[in-house]
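**Student:** Sending over a structure as structure tokens; questions will come in a sec.
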Amino acid sequence: MPRSDIFDKSFDEVTLMKLDLFEKYLEEWLGVYVSKFSSKKAYILDLFCGAGRDRDANEGSALRSIKILLKWQKKYDLRNVTLILCDAQVEKIESLESILEHDLSYQGNAFNIRRYCKTFPESFFQIEAEIKNAFNLIFLDPHGFNFITPEIFKKLCFLRYTDTIFFIASNFANRFVANPPSEATFQEMGLKEDIMQEIKNSDHYEIHRIMAKHYRKLSHEFCHQDKQLEGVVDKIFLSPFSLKKEHTHNIYGLIFLTHDYCGIDKFLHLAWEKNPFNGEANFNIDRDYDPNRNDSQLRLFPIEKVPSNRLTALHAIIDRELSQREKISNKDLCILCYENGYYPQKANEYIGNPPIY
Ligand SMILES: C[S@@+](CC[C@H](N)C(=O)[O-])C[C@H]1O[C@@H](n2cnc3c(N)ncnc32)[C@H](O)[C@@H]1O
């Protein structure tokens, strides 16, 4: 029997939130591009682009990108922008072609769209050299767990003017640790013993945070080991957003990767907008707002007067930093915030004025 496809059903709340974050970030990214870089070539890569719509006509990533570009082309010069859509299944690409031809007023003259039926990572290897010095946004939205290997991740870290958002079914790591499928999967993903121990010993709500830690460690390793990378990038910011499907234990998540202060700032603003309580999940990841309703979801956030664990954690980070040095520059404070998943106003609320929650 053929496996059911997400496009034959309605997108669930995890998918819709993932797509909304991608779409909102794409608009922020385009804003930076048209204001500063529009003479430069720009690429939006969607290498697991899907069929376009779900059963209820909810738009997937490809159509969301096209619609945004169609809107922006009315006001801005997008001649240097290319959207690259790839999927391993030919019927997905055909479905997109058909929507483009029949449903959208895409004339093909303001920005470029390229469609390929190609599997990842071949699709990425094919385009890598072309996008090397361009301004890029890469969206990787596979079903599974083991697509963003250390080899691929290293290449993403090397791309200087590039922001990447990738999805990972992090709960697979929990399952694998409990029931190892094979040593090869861990090796393929570069998961080290300390990370595996942490997975074993942690609340399953933490799993995507731990996967982000795994990638952050890899990025630091690459920076230190690889002189070439050190010369290309002075900073890599990485931020997770955990996603949980209601009434299940399954945890997924997005990882955002950038070299740019503006990029991380915009992503974190979106993440905190999505969840003003913890800024990094669509659920109560720290189980800290209602002990009687551990499984509560985003829309049940109470308006409480006490700081969340995430904000208390930031206060502790700042206090520790200030106890080690008398002063902290604005730049250092920004970096401290970005590296820990906060945008700087969160710190100002604490340092500048009595905090308002
Ligand atoms: C979660 S869906 C992507 C959904 C899409 N981002 C959207 O919003 O509509 C994953 C897609 O990856 C495709 N796929 C599966 N394995 C692949 C591979 N190795 N390379 C490229 N695409 C693949 C599937 O055909 C499917 O359309």
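Residues in the structure tokens are numbered from 1 in each chain, the chains being A, B, ... in the order shown, and ligands are numbered from 1 in the order shown.
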Kindly work out which residues sit at most 10 Å from ligand 1, using only C-alpha atoms and all ligand atoms, and give the list as a PyMOL selection string.

**Tutor:** chain A and resi 5-7+11+15-16+18-20+22+46-54+58-65+85-93+96+116-124+139-144+147+167-168

**Student:** Extract, using only C-alpha atoms, all DNA, RNA and protein residues at most 12 Å from Ser35 in chain A, discarding same-chain residues fewer than 5 positions from it, and format them as a list in words.

**Tutor:**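 In the requested format, the answer is Glu28, Trp29, Leu30, Lys40, Lys75, Tyr76, Asp77 and Leu78 of chain A.
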
**Student:** Which residues are close to Lys155 in chain A, i.e. within 10 Å by only C-alpha atoms, leaving aside same-chain residues fewer than 2 positions away? Reply as a list of chain:residue names.

**Tutor:**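 Counting only C-alpha atoms, the residues come to A:Phe124, A:Phe125, A:Glu128, A:Pro150, A:Glu151, A:Ile152, A:Phe153, A:Cys157, A:Phe158, A:Leu159, A:Leu229.
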
**Student:** Please save C-alpha atoms of the selected residues as a PDB file, in the first residue's frame.

**Tutor:**
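The resulting file, part37.pdb, is shown below:
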```
ATOM      1  CA  PHE A 124      22.268  21.289  -2.932  1.00  0.00           C
ATOM      2  CA  PHE A 125      25.600  20.136  -4.372  1.00  0.00           C
ATOM      3  CA  GLU A 128      26.325  25.270  -4.089  1.00  0.00           C
ATOM      4  CA  PRO A 150      27.611  17.165   9.629  1.00  0.00           C
ATOM      5  CA  GLU A 151      28.880  17.302   6.034  1.00  0.00           C
ATOM      6  CA  ILE A 152      25.843  19.279   4.858  1.00  0.00           C
ATOM      7  CA  PHE A 153      25.781  21.384   7.992  1.00  0.00           C
ATOM      8  CA  CYS A 157      28.106  27.155   7.864  1.00  0.00           C
ATOM      9  CA  PHE A 158      30.504  28.055   5.053  1.00  0.00           C
ATOM     10  CA  LEU A 159      27.960  30.049   3.075  1.00  0.00           C
ATOM     11  CA  LEU A 229      35.936  28.878   7.833  1.00  0.00           C
TER      12      LEU A 229
END
```

**Student:** Just the number, please: distance in Å from CA of Tyr33 in chain A to CA of Asp260 in chain A, one decimal.

**Tutor:**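 Value for the CA of Tyr33 in chain A-CA of Asp260 in chain A distance: 12.7 Å.
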
**Student:** How would you write, as JSON, numbers by chain, the set of residues in range 53-207 of chain A that DSSP gives as strand (DSSP E or B)?

**Tutor:** {"A": [53, 59, 81, 82, 83, 84, 85, 86, 87, 112, 113, 114, 115, 116, 117, 135, 136, 137, 138, 139, 140, 162, 163, 164, 165, 166, 167, 168]}

**Student:** Mind checking which residues fall within 10 Å of Leu191 in chain A, counting only C-alpha atoms, ignoring those fewer than 4 positions away in the same chain, and posting them as a list of chain:residue names?

**Tutor:**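 With the cut-off at 10 Å, the set is A:Thr149, A:Pro150, A:Ala173, A:Thr185, A:Phe186, A:Gln187, A:Ile195, A:Met196, A:Met211, A:His214, A:Tyr215, A:Leu218.
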
**Student:** Return the single residue from A:Ile335, A:Ile285, A:Leu270, A:Ile68 that is closest to Lys235 in chain A, with distances computed using only C-alpha atoms.

**Tutor:** A:Ile335

**Student:** Run DSSP on the backbone and give me the residues of range 86-203 of chain A it puts in alpha helix (DSSP H), as a VMD selection string.

**Tutor:** chain A and resid 90 to 102 122 to 131 150 to 158 171 to 178 183 to 189 193 to 201

**Student:** Of the candidates A:Asp194, A:Lys200, A:Asn275, A:Asp286, which one gets nearest to Asn179 in chain A if we count only C-alpha atoms?

**Tutor:** A:Lys200

**Student:** Might you pull out every residue within 10 Å of His208 in chain A, with only C-alpha atoms counted and same-chain residues fewer than 3 positions away left off, and present them as a list in words?

**Tutor:**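 What passes the distance filter is Ile168, Ala169, Ser170, Asn171, Ala173, Asn174, Ile199, His204, Tyr205, Met211, Ala212, Lys213, His214, Pro240, Phe241, Ser242, Leu243, Ile251, Tyr252, Gly253, Leu254, Ile255 and Ala281 of chain A.
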
**Student:** If I take CA of Asn309 in chain A and CA of Asp288 in chain A, how far is one from the other in Å, to one decimal?

**Tutor:**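 Calculated distance between CA of Asn309 in chain A and CA of Asp288 in chain A is 6.6 Å.
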
**Student:** Would you mind reading off the distance between CA of Lys132 in chain A and CA of Ala42 in chain A, one decimal, in Å?

**Tutor:**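 For CA of Lys132 in chain A relative to CA of Ala42 in chain A, the distance reads 10.4 Å.
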